[in-house]
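Asks: First the structure, which I've put down as structure tokens, then a few questions once you've had a look.
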Amino acid sequence: MATTQRDVRNRIGSVKNIQKITRAMEMVAAARLRRAEQRIEALRPYADAIRRMTRQAAEAAGGVRRLPILREREQINHVGLLVVAGDRGLAGAFNSNVVRAGVAAGREHGAEGRTALYFASGRRPASSLTFRGHEPVQSFTGFTDRPAYADARRIAERLIAAYVDEEVDQVEIFYNSYISPLSQEVKRVTLLPLQKATVLEGEDDGSSEDDTSSDTGSQKRALVEYEPEPEDILKRLVPDYVEISIYRALLESTASEHGARMTAMRNASENASTLIEDLTLEMNRARQAEITQEILEVVAGAEGIG
């Protein structure tokens with residue numbers, strides 16, 4: 001059946017309505033992205049400082065590992081995988097990329113004889129993992145748009161308990177690291193045990209020329225005296241380090257989600273504009289076809305009368 005002008009006009013109206021929604025969602029995501037970027041910038045100095053303090057205290061403690069949370073397992077049999085993503089979709093490949101990375105890591109551990117236990121932050125990774133046959137041990141949802149420190153503490157308490165109770169022997173986090181609104185990178189970091197924590201690697205240790213000995217000209221770091229003992233300090237620092245590491249991952253993931261959604265909605269709006277142009281051409285063709293048909297009918301009628 002031939003397409004009429006009314007059909008095409010209705011389709012154009014529907015596409016324009018969708019375009020209004022995508023543009024509104026793009027503007028909302030852009031506003032939330034700016035706030036998320038500010039929160040990340042405010043957190044980074046504190047996160048870097050507490051990680052540096054934790055690493056230095058762990059080095060000073062040496063072989064003292066009487067704390068359960070600092071006890072490294074001789075053999076890794078169970079690995080806890082925390083997959084951090086969003087509660088909602090419409091953000092391109094934001095959610096699927098991090099879920100695929102977590103599932104791939106689970107297969108790697110399985111090939112090495114280890115059991116992967118999944119934890120999910122966000123409704124999307126929880127449902128995706130369940131669909132793939134990897135039911136999460138526990139899911140944390142309802143805060144991915146604007147995570148609070150209390151949310152990170154709740155997740156950290158669960159993961160620390162799992163490690164201390166020997167439910168898992170190692171904990172890894174998967175999340176989208178924010179680079180720019182157009183670019184997000186899936187990161188995989190080891191959180192526990194502290195001896196293997198990759199989130200402590202590559203951080204600035206805060207040493208400078210002021211920390212060196214001016215009398216000898218050596219480049220050795222200045223000695224630090226701990227009061228109380230490093231082990232007592234670690235007892236308080238390690239839980240804070242776990243919380244701040246998870247909180248930073250949540251903030252990075254939130255900014256990445258808003259950036260990905262803003263980009264996806266912008267692309268959708270541009271695609272809608274292209275579709276409207278194509279439909280407008282189709283409507284003009286339909287109008288021309290109807291006019292031509294009317295002229296032919298008039299001519300045929302005139303010939304019949306003559």
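Scheme for the structure tokens: letters A, B, ... for chains in order shown; per-chain residue numbers from 1; ligand numbers from 1 in order shown.
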Neighbours of Arg100 of chain A within 12 Å (only C-alpha atoms; same-chain residues fewer than 5 positions away dropped), as an mmCIF file with all heavy atoms, in the first residue's frame?
Replies:
data_model
loop_
_atom_site.group_PDB
_atom_site.id
_atom_site.type_symbol
_atom_site.label_atom_id
_atom_site.label_comp_id
_atom_site.auth_asym_id
_atom_site.auth_seq_id
_atom_site.Cartn_x
_atom_site.Cartn_y
_atom_site.Cartn_z
ATOM 1 N N VAL A 83 31.503 -5.488 40.299
ATOM 2 C CA VAL A 83 31.238 -4.847 39.010
ATOM 3 C C VAL A 83 30.416 -3.584 39.262
ATOM 4 O O VAL A 83 29.292 -3.660 39.763
ATOM 5 C CB VAL A 83 30.484 -5.793 38.061
ATOM 6 C CG1 VAL A 83 30.227 -5.116 36.722
ATOM 7 C CG2 VAL A 83 31.282 -7.084 37.858
ATOM 8 N N VAL A 84 30.991 -2.431 38.928
ATOM 9 C CA VAL A 84 30.359 -1.135 39.193
ATOM 10 C C VAL A 84 29.853 -0.555 37.876
ATOM 11 O O VAL A 84 30.631 -0.329 36.947
ATOM 12 C CB VAL A 84 31.351 -0.161 39.852
ATOM 13 C CG1 VAL A 84 30.678 1.191 40.111
ATOM 14 C CG2 VAL A 84 31.889 -0.745 41.155
ATOM 15 N N ALA A 85 28.544 -0.319 37.791
ATOM 16 C CA ALA A 85 27.953 0.312 36.599
ATOM 17 C C ALA A 85 26.755 1.143 37.051
ATOM 18 O O ALA A 85 26.783 1.714 38.140
ATOM 19 C CB ALA A 85 27.589 -0.731 35.553
ATOM 20 N N ALA A 93 27.317 1.886 25.337
ATOM 21 C CA ALA A 93 27.916 0.624 25.792
ATOM 22 C C ALA A 93 28.489 0.735 27.199
ATOM 23 O O ALA A 93 29.257 -0.124 27.622
ATOM 24 C CB ALA A 93 29.016 0.194 24.824
ATOM 25 N N PHE A 94 28.092 1.786 27.926
ATOM 26 C CA PHE A 94 28.654 2.028 29.266
ATOM 27 C C PHE A 94 28.501 0.814 30.177
ATOM 28 O O PHE A 94 29.466 0.340 30.785
ATOM 29 C CB PHE A 94 27.986 3.256 29.882
ATOM 30 C CG PHE A 94 28.219 3.406 31.359
ATOM 31 C CD1 PHE A 94 29.418 3.906 31.837
ATOM 32 C CD2 PHE A 94 27.242 3.042 32.269
ATOM 33 C CE1 PHE A 94 29.646 4.034 33.203
ATOM 34 C CE2 PHE A 94 27.457 3.169 33.629
ATOM 35 C CZ PHE A 94 28.653 3.665 34.093
ATOM 36 N N ASN A 95 27.290 0.295 30.312
ATOM 37 C CA ASN A 95 27.043 -0.818 31.225
ATOM 38 C C ASN A 95 27.596 -2.139 30.689
ATOM 39 O O ASN A 95 28.215 -2.910 31.428
ATOM 40 C CB ASN A 95 25.532 -0.954 31.476
ATOM 41 C CG ASN A 95 24.968 0.209 32.267
ATOM 42 O OD1 ASN A 95 25.388 0.491 33.378
ATOM 43 N ND2 ASN A 95 23.987 0.895 31.680
ATOM 44 N N ALA A 105 36.983 -11.706 33.249
ATOM 45 C CA ALA A 105 37.896 -11.970 34.370
ATOM 46 C C ALA A 105 37.468 -13.217 35.127
ATOM 47 O O ALA A 105 38.310 -14.007 35.580
ATOM 48 C CB ALA A 105 37.935 -10.768 35.308
ATOM 49 N N GLY A 106 36.148 -13.410 35.268
ATOM 50 C CA GLY A 106 35.671 -14.615 35.934
ATOM 51 C C GLY A 106 36.074 -15.872 35.186
ATOM 52 O O GLY A 106 36.438 -16.880 35.795
ATOM 53 N N ARG A 107 36.023 -15.794 33.846
ATOM 54 C CA ARG A 107 36.466 -16.955 33.041
ATOM 55 C C ARG A 107 37.962 -17.191 33.221
ATOM 56 O O ARG A 107 38.413 -18.347 33.275
ATOM 57 C CB ARG A 107 36.132 -16.727 31.578
ATOM 58 C CG ARG A 107 34.642 -16.864 31.248
ATOM 59 C CD ARG A 107 34.431 -17.054 29.759
ATOM 60 N NE ARG A 107 34.879 -15.869 29.025
ATOM 61 C CZ ARG A 107 34.088 -14.868 28.649
ATOM 62 N NH1 ARG A 107 32.791 -14.907 28.959
ATOM 63 N NH2 ARG A 107 34.558 -13.840 27.974
ATOM 64 N N PRO A 125 24.244 -3.970 35.993
ATOM 65 C CA PRO A 125 25.167 -5.114 36.098
ATOM 66 C C PRO A 125 24.560 -6.285 36.844
ATOM 67 O O PRO A 125 24.842 -7.443 36.519
ATOM 68 C CB PRO A 125 26.375 -4.522 36.833
ATOM 69 C CG PRO A 125 25.858 -3.319 37.532
ATOM 70 C CD PRO A 125 24.787 -2.768 36.643
ATOM 71 N N SER A 128 22.298 -8.017 34.319
ATOM 72 C CA SER A 128 23.099 -8.612 33.242
ATOM 73 C C SER A 128 23.846 -9.848 33.720
ATOM 74 O O SER A 128 23.913 -10.859 33.013
ATOM 75 C CB SER A 128 24.084 -7.575 32.687
ATOM 76 O OG SER A 128 23.414 -6.500 32.075
ATOM 77 N N LEU A 129 24.415 -9.778 34.921
ATOM 78 C CA LEU A 129 25.127 -10.935 35.461
ATOM 79 C C LEU A 129 24.172 -12.098 35.697
ATOM 80 O O LEU A 129 24.502 -13.258 35.418
ATOM 81 C CB LEU A 129 25.835 -10.547 36.769
ATOM 82 C CG LEU A 129 27.042 -9.627 36.627
ATOM 83 C CD1 LEU A 129 27.514 -9.139 37.992
ATOM 84 C CD2 LEU A 129 28.193 -10.339 35.911
ATOM 85 N N ARG A 132 23.363 -13.731 32.469
ATOM 86 C CA ARG A 132 24.477 -14.529 31.957
ATOM 87 C C ARG A 132 24.759 -15.757 32.818
ATOM 88 O O ARG A 132 25.716 -16.492 32.549
ATOM 89 C CB ARG A 132 25.739 -13.667 31.865
ATOM 90 C CG ARG A 132 25.650 -12.558 30.824
ATOM 91 C CD ARG A 132 26.795 -11.573 31.015
ATOM 92 N NE ARG A 132 26.740 -10.469 30.062
ATOM 93 C CZ ARG A 132 27.495 -10.355 28.984
ATOM 94 N NH1 ARG A 132 28.382 -11.304 28.713
ATOM 95 N NH2 ARG A 132 27.390 -9.332 28.172
ATOM 96 N N HIS A 134 25.469 -15.683 36.173
ATOM 97 C CA HIS A 134 26.385 -15.390 37.276
ATOM 98 C C HIS A 134 25.635 -14.584 38.334
ATOM 99 O O HIS A 134 25.761 -13.360 38.420
ATOM 100 C CB HIS A 134 27.610 -14.613 36.787
ATOM 101 C CG HIS A 134 28.337 -15.262 35.642
ATOM 102 N ND1 HIS A 134 29.088 -16.407 35.793
ATOM 103 C CD2 HIS A 134 28.410 -14.933 34.326
ATOM 104 C CE1 HIS A 134 29.607 -16.750 34.619
ATOM 105 N NE2 HIS A 134 29.203 -15.871 33.717
ATOM 106 N N PHE A 174 35.812 -3.646 39.042
ATOM 107 C CA PHE A 174 35.706 -3.290 37.629
ATOM 108 C C PHE A 174 34.792 -2.075 37.519
ATOM 109 O O PHE A 174 33.663 -2.105 38.015
ATOM 110 C CB PHE A 174 35.143 -4.453 36.816
ATOM 111 C CG PHE A 174 36.004 -5.686 36.824
ATOM 112 C CD1 PHE A 174 35.944 -6.586 37.877
ATOM 113 C CD2 PHE A 174 36.887 -5.927 35.783
ATOM 114 C CE1 PHE A 174 36.744 -7.709 37.894
ATOM 115 C CE2 PHE A 174 37.688 -7.055 35.791
ATOM 116 C CZ PHE A 174 37.622 -7.939 36.847
ATOM 117 N N TYR A 175 35.292 -1.026 36.882
ATOM 118 C CA TYR A 175 34.482 0.183 36.732
ATOM 119 C C TYR A 175 34.986 0.990 35.542
ATOM 120 O O TYR A 175 36.085 0.754 35.041
ATOM 121 C CB TYR A 175 34.532 1.042 37.996
ATOM 122 C CG TYR A 175 35.889 1.635 38.304
ATOM 123 C CD1 TYR A 175 36.211 2.930 37.902
ATOM 124 C CD2 TYR A 175 36.854 0.905 38.987
ATOM 125 C CE1 TYR A 175 37.460 3.471 38.179
ATOM 126 C CE2 TYR A 175 38.089 1.431 39.271
ATOM 127 C CZ TYR A 175 38.392 2.722 38.863
ATOM 128 O OH TYR A 175 39.642 3.263 39.129
ATOM 129 N N ASN A 176 34.159 1.911 35.082
ATOM 130 C CA ASN A 176 34.542 2.804 33.993
ATOM 131 C C ASN A 176 35.248 4.020 34.563
ATOM 132 O O ASN A 176 34.649 4.791 35.323
ATOM 133 C CB ASN A 176 33.299 3.246 33.200
ATOM 134 C CG ASN A 176 32.801 2.179 32.254
ATOM 135 O OD1 ASN A 176 33.381 1.935 31.206
ATOM 136 N ND2 ASN A 176 31.706 1.522 32.633
ATOM 137 N N VAL A 186 37.465 1.099 30.833
ATOM 138 C CA VAL A 186 37.166 0.080 31.840
ATOM 139 C C VAL A 186 38.442 -0.270 32.588
ATOM 140 O O VAL A 186 39.449 -0.642 31.982
ATOM 141 C CB VAL A 186 36.561 -1.176 31.198
ATOM 142 C CG1 VAL A 186 36.336 -2.254 32.261
ATOM 143 C CG2 VAL A 186 35.254 -0.850 30.504
ATOM 144 N N LYS A 187 38.401 -0.134 33.898
ATOM 145 C CA LYS A 187 39.569 -0.436 34.732
ATOM 146 C C LYS A 187 39.311 -1.666 35.587
ATOM 147 O O LYS A 187 38.199 -1.888 36.072
ATOM 148 C CB LYS A 187 39.914 0.757 35.625
ATOM 149 C CG LYS A 187 40.740 1.824 34.934
ATOM 150 C CD LYS A 187 41.413 2.734 35.944
ATOM 151 C CE LYS A 187 42.396 3.682 35.271
ATOM 152 N NZ LYS A 187 43.084 4.545 36.255
ATOM 153 N N ARG A 188 40.372 -2.425 35.764
ATOM 154 C CA ARG A 188 40.345 -3.602 36.631
ATOM 155 C C ARG A 188 41.463 -3.445 37.662
ATOM 156 O O ARG A 188 42.636 -3.426 37.299
ATOM 157 C CB ARG A 188 40.548 -4.868 35.805
ATOM 158 C CG ARG A 188 40.706 -6.141 36.632
ATOM 159 C CD ARG A 188 41.034 -7.318 35.717
ATOM 160 N NE ARG A 188 41.160 -8.561 36.448
ATOM 161 C CZ ARG A 188 41.431 -9.741 35.897
ATOM 162 N NH1 ARG A 188 41.604 -9.803 34.574
ATOM 163 N NH2 ARG A 188 41.528 -10.836 36.632
#
Asks: Step one, run DSSP on the backbone; step two, keep only residues of segment 31-120 of chain A assigned to alpha helix (DSSP H); then write them as JSON, numbers by chain.
Replies: {"A": [31, 32, 33, 34, 35, 36, 37, 38, 39, 40, 41, 42, 43, 44, 45, 46, 47, 48, 49, 50, 51, 52, 53, 54, 55, 56, 57, 58, 59, 60, 61, 94, 95, 96, 97, 98, 99, 100, 101, 102, 103, 104, 105, 106, 107, 108, 109, 110, 111]}
Asks: Would you mind listing, for every residue of segment 15-66 of chain A within 8 Å of segment 244-259 of chain A, the two atoms forming the shortest contact and the distance between them in Å to one decimal, using only C-alpha atoms, sorted by chain and ascending residue number, as JSON lines?
Replies:
{"residue": "A:Ala29", "atom": "CA", "partner": "A:His258", "partner_atom": "CA", "distance": 5.1}
{"residue": "A:Ala30", "atom": "CA", "partner": "A:His258", "partner_atom": "CA", "distance": 6.9}
{"residue": "A:Arg32", "atom": "CA", "partner": "A:His258", "partner_atom": "CA", "distance": 6.7}
{"residue": "A:Leu33", "atom": "CA", "partner": "A:His258", "partner_atom": "CA", "distance": 5.3}
{"residue": "A:Ala36", "atom": "CA", "partner": "A:Ala255", "partner_atom": "CA", "distance": 5.2}
{"residue": "A:Glu37", "atom": "CA", "partner": "A:Ala255", "partner_atom": "CA", "distance": 6.4}
{"residue": "A:Arg39", "atom": "CA", "partner": "A:Leu251", "partner_atom": "CA", "distance": 7.4}
{"residue": "A:Ile40", "atom": "CA", "partner": "A:Leu251", "partner_atom": "CA", "distance": 6.3}
{"residue": "A:Leu43", "atom": "CA", "partner": "A:Arg248", "partner_atom": "CA", "distance": 7.4}
{"residue": "A:Arg44", "atom": "CA", "partner": "A:Arg248", "partner_atom": "CA", "distance": 7.9}
{"residue": "A:Ala47", "atom": "CA", "partner": "A:Ile244", "partner_atom": "CA", "distance": 6.2}
Asks: Identify all residues of segment 105-155 of chain A in strand (DSSP E or B) (DSSP on the backbone) and supply them as a list in words.
Replies: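 Result set for segment 105-155 of chain A (strand (DSSP E or B)): Thr115, Ala116, Leu117, Tyr118, Phe119, Ala120, Ser121, Gln138, Ser139 and Phe140 of chain A.
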Asks: Go ahead and compute the interatomic distance for atom CA of Ala24 of chain A and atom CA of Gly89 of chain A, in Å to one decimal.
Replies: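 Interatomic distance here is 15.6 Å.
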Asks: Skip Ala197 of chain A itself and residues of its chain fewer than 5 positions away, then list as a list in words all residues within 10 Å of it, counting only C-alpha atoms.
Replies: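 The neighbour list is Arg55, Gln170, Val171, Glu172, Val189, Thr190, Leu191 and Leu192 of chain A.
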Asks: Dump all heavy atoms for the selected residues as a PDB file, in the first residue's frame?
Replies:
ATOM      1  N   ARG A  55      50.121   2.925  52.109  1.00  0.00           N
ATOM      2  CA  ARG A  55      51.268   2.216  51.558  1.00  0.00           C
ATOM      3  C   ARG A  55      52.501   2.382  52.440  1.00  0.00           C
ATOM      4  O   ARG A  55      53.219   1.416  52.728  1.00  0.00           O
ATOM      5  CB  ARG A  55      51.566   2.714  50.141  1.00  0.00           C
ATOM      6  CG  ARG A  55      52.687   1.935  49.441  1.00  0.00           C
ATOM      7  CD  ARG A  55      52.962   2.527  48.077  1.00  0.00           C
ATOM      8  NE  ARG A  55      53.389   3.916  48.190  1.00  0.00           N
ATOM      9  CZ  ARG A  55      53.330   4.799  47.184  1.00  0.00           C
ATOM     10  NH1 ARG A  55      52.804   4.435  46.040  1.00  0.00           N
ATOM     11  NH2 ARG A  55      53.762   6.022  47.345  1.00  0.00           N
ATOM     12  N   GLN A 170      40.608 -12.840  47.544  1.00  0.00           N
ATOM     13  CA  GLN A 170      41.085 -11.676  46.791  1.00  0.00           C
ATOM     14  C   GLN A 170      39.862 -10.896  46.312  1.00  0.00           C
ATOM     15  O   GLN A 170      38.813 -11.482  46.043  1.00  0.00           O
ATOM     16  CB  GLN A 170      41.935 -12.116  45.597  1.00  0.00           C
ATOM     17  CG  GLN A 170      42.559 -10.992  44.797  1.00  0.00           C
ATOM     18  CD  GLN A 170      43.543 -11.519  43.768  1.00  0.00           C
ATOM     19  OE1 GLN A 170      44.494 -12.236  44.097  1.00  0.00           O
ATOM     20  NE2 GLN A 170      43.340 -11.152  42.513  1.00  0.00           N
ATOM     21  N   VAL A 171      40.000  -9.580  46.233  1.00  0.00           N
ATOM     22  CA  VAL A 171      38.891  -8.727  45.800  1.00  0.00           C
ATOM     23  C   VAL A 171      39.367  -7.839  44.657  1.00  0.00           C
ATOM     24  O   VAL A 171      40.406  -7.178  44.768  1.00  0.00           O
ATOM     25  CB  VAL A 171      38.358  -7.853  46.953  1.00  0.00           C
ATOM     26  CG1 VAL A 171      37.250  -6.926  46.451  1.00  0.00           C
ATOM     27  CG2 VAL A 171      37.845  -8.721  48.094  1.00  0.00           C
ATOM     28  N   GLU A 172      38.608  -7.816  43.560  1.00  0.00           N
ATOM     29  CA  GLU A 172      38.909  -6.971  42.416  1.00  0.00           C
ATOM     30  C   GLU A 172      37.697  -6.096  42.094  1.00  0.00           C
ATOM     31  O   GLU A 172      36.554  -6.494  42.341  1.00  0.00           O
ATOM     32  CB  GLU A 172      39.274  -7.816  41.182  1.00  0.00           C
ATOM     33  CG  GLU A 172      40.523  -8.665  41.366  1.00  0.00           C
ATOM     34  CD  GLU A 172      40.830  -9.521  40.148  1.00  0.00           C
ATOM     35  OE1 GLU A 172      40.060  -9.443  39.166  1.00  0.00           O
ATOM     36  OE2 GLU A 172      41.812 -10.278  40.177  1.00  0.00           O
ATOM     37  N   VAL A 189      41.087  -3.304  38.927  1.00  0.00           N
ATOM     38  CA  VAL A 189      42.085  -3.085  39.969  1.00  0.00           C
ATOM     39  C   VAL A 189      41.875  -4.087  41.096  1.00  0.00           C
ATOM     40  O   VAL A 189      40.738  -4.496  41.390  1.00  0.00           O
ATOM     41  CB  VAL A 189      42.025  -1.644  40.531  1.00  0.00           C
ATOM     42  CG1 VAL A 189      42.374  -0.635  39.463  1.00  0.00           C
ATOM     43  CG2 VAL A 189      40.654  -1.336  41.106  1.00  0.00           C
ATOM     44  N   THR A 190      42.967  -4.499  41.712  1.00  0.00           N
ATOM     45  CA  THR A 190      42.914  -5.389  42.864  1.00  0.00           C
ATOM     46  C   THR A 190      42.850  -4.555  44.128  1.00  0.00           C
ATOM     47  O   THR A 190      43.680  -3.670  44.347  1.00  0.00           O
ATOM     48  CB  THR A 190      44.150  -6.306  42.903  1.00  0.00           C
ATOM     49  OG1 THR A 190      44.211  -7.071  41.698  1.00  0.00           O
ATOM     50  CG2 THR A 190      44.075  -7.252  44.095  1.00  0.00           C
ATOM     51  N   LEU A 191      41.864  -4.811  44.960  1.00  0.00           N
ATOM     52  CA  LEU A 191      41.648  -4.035  46.177  1.00  0.00           C
ATOM     53  C   LEU A 191      42.235  -4.718  47.404  1.00  0.00           C
ATOM     54  O   LEU A 191      42.884  -4.089  48.233  1.00  0.00           O
ATOM     55  CB  LEU A 191      40.149  -3.821  46.367  1.00  0.00           C
ATOM     56  CG  LEU A 191      39.720  -2.909  47.511  1.00  0.00           C
ATOM     57  CD1 LEU A 191      40.208  -1.496  47.277  1.00  0.00           C
ATOM     58  CD2 LEU A 191      38.207  -2.923  47.653  1.00  0.00           C
ATOM     59  N   LEU A 192      41.991  -6.001  47.543  1.00  0.00           N
ATOM     60  CA  LEU A 192      42.508  -6.791  48.659  1.00  0.00           C
ATOM     61  C   LEU A 192      43.066  -8.101  48.108  1.00  0.00           C
ATOM     62  O   LEU A 192      42.542  -8.618  47.110  1.00  0.00           O
ATOM     63  CB  LEU A 192      41.392  -7.095  49.675  1.00  0.00           C
ATOM     64  CG  LEU A 192      40.860  -5.912  50.481  1.00  0.00           C
ATOM     65  CD1 LEU A 192      39.632  -6.331  51.288  1.00  0.00           C
ATOM     66  CD2 LEU A 192      41.933  -5.347  51.405  1.00  0.00           C
TER      67      LEU A 192
END
Asks: With a distance cut-off of 10 Å and only C-alpha atoms, select the neighbouring residues of Ala150 of chain A, excluding the residue or stretch itself and same-chain residues fewer than 5 positions from it, and output the selection as a list of chain:residue names.
Replies: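 Close residues of Ala150 of chain A: A:Ile155, A:Ala156, A:Glu243, A:Tyr247.
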Asks: Can you pull out every residue within 12 Å of Glu157 of chain A, counting only C-alpha atoms, but drop anything in the same chain fewer than 6 positions away, and send it as a list of chain:residue names?
Replies: A:Ile69, A:Ala150, A:Asp151, A:Tyr163, A:Val164, A:Asp165, A:Val238, A:Pro239, A:Asp240, A:Tyr241, A:Val242, A:Glu243, A:Ile244, A:Ile246
Asks: Go ahead and save the residues from that selection, with N, CA and C atoms, as a compact mmCIF listing (two decimals), in the first residue's frame.
Replies:
# COMPACT_ATOMS: atom_id res chain seq x y z
N ILE A 69 42.56 -8.48 58.23
CA ILE A 69 42.40 -7.83 56.94
C ILE A 69 43.73 -7.70 56.20
N ALA A 150 28.43 7.08 52.27
CA ALA A 150 27.79 6.00 53.03
C ALA A 150 27.56 4.78 52.15
N ASP A 151 27.29 4.99 50.88
CA ASP A 151 27.12 3.86 49.96
C ASP A 151 28.42 3.09 49.78
N TYR A 163 36.27 -10.89 53.00
CA TYR A 163 37.70 -11.22 53.01
C TYR A 163 38.14 -11.74 54.38
N VAL A 164 37.72 -11.07 55.43
CA VAL A 164 38.12 -11.49 56.78
C VAL A 164 37.55 -12.86 57.12
N ASP A 165 36.31 -13.11 56.70
CA ASP A 165 35.67 -14.41 56.98
C ASP A 165 36.11 -15.50 56.02
N VAL A 238 43.37 0.90 56.83
CA VAL A 238 42.98 -0.02 55.77
C VAL A 238 41.48 0.05 55.48
N PRO A 239 40.61 0.02 56.49
CA PRO A 239 39.18 0.18 56.16
C PRO A 239 38.89 1.50 55.46
N ASP A 240 39.55 2.58 55.88
CA ASP A 240 39.36 3.87 55.20
C ASP A 240 39.86 3.81 53.77
N TYR A 241 40.98 3.13 53.58
CA TYR A 241 41.53 2.99 52.22
C TYR A 241 40.58 2.22 51.31
N VAL A 242 39.97 1.14 51.84
CA VAL A 242 39.02 0.37 51.05
C VAL A 242 37.80 1.22 50.72
N GLU A 243 37.30 1.96 51.71
CA GLU A 243 36.12 2.80 51.48
C GLU A 243 36.41 3.88 50.45
N ILE A 244 37.53 4.57 50.59
CA ILE A 244 37.82 5.67 49.68
C ILE A 244 38.10 5.15 48.28
N ILE A 246 36.69 2.48 46.90
CA ILE A 246 35.38 2.15 46.32
C ILE A 246 34.62 3.44 46.00
Asks: Neighbours of segment 273-278 of chain A within 12 Å (only C-alpha atoms; same-chain residues fewer than 5 positions away dropped), as a list in words?
Replies: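 What passes the distance filter is Val8, Arg9, Asn10, Arg11, Ile12, Gly13, Ser14, Val15, Lys16, Asn17, Ile18, Gln19, Lys20, Thr22, Arg23, Arg266, Asn267, Ala268, Met283, Asn284 and Arg285 of chain A.
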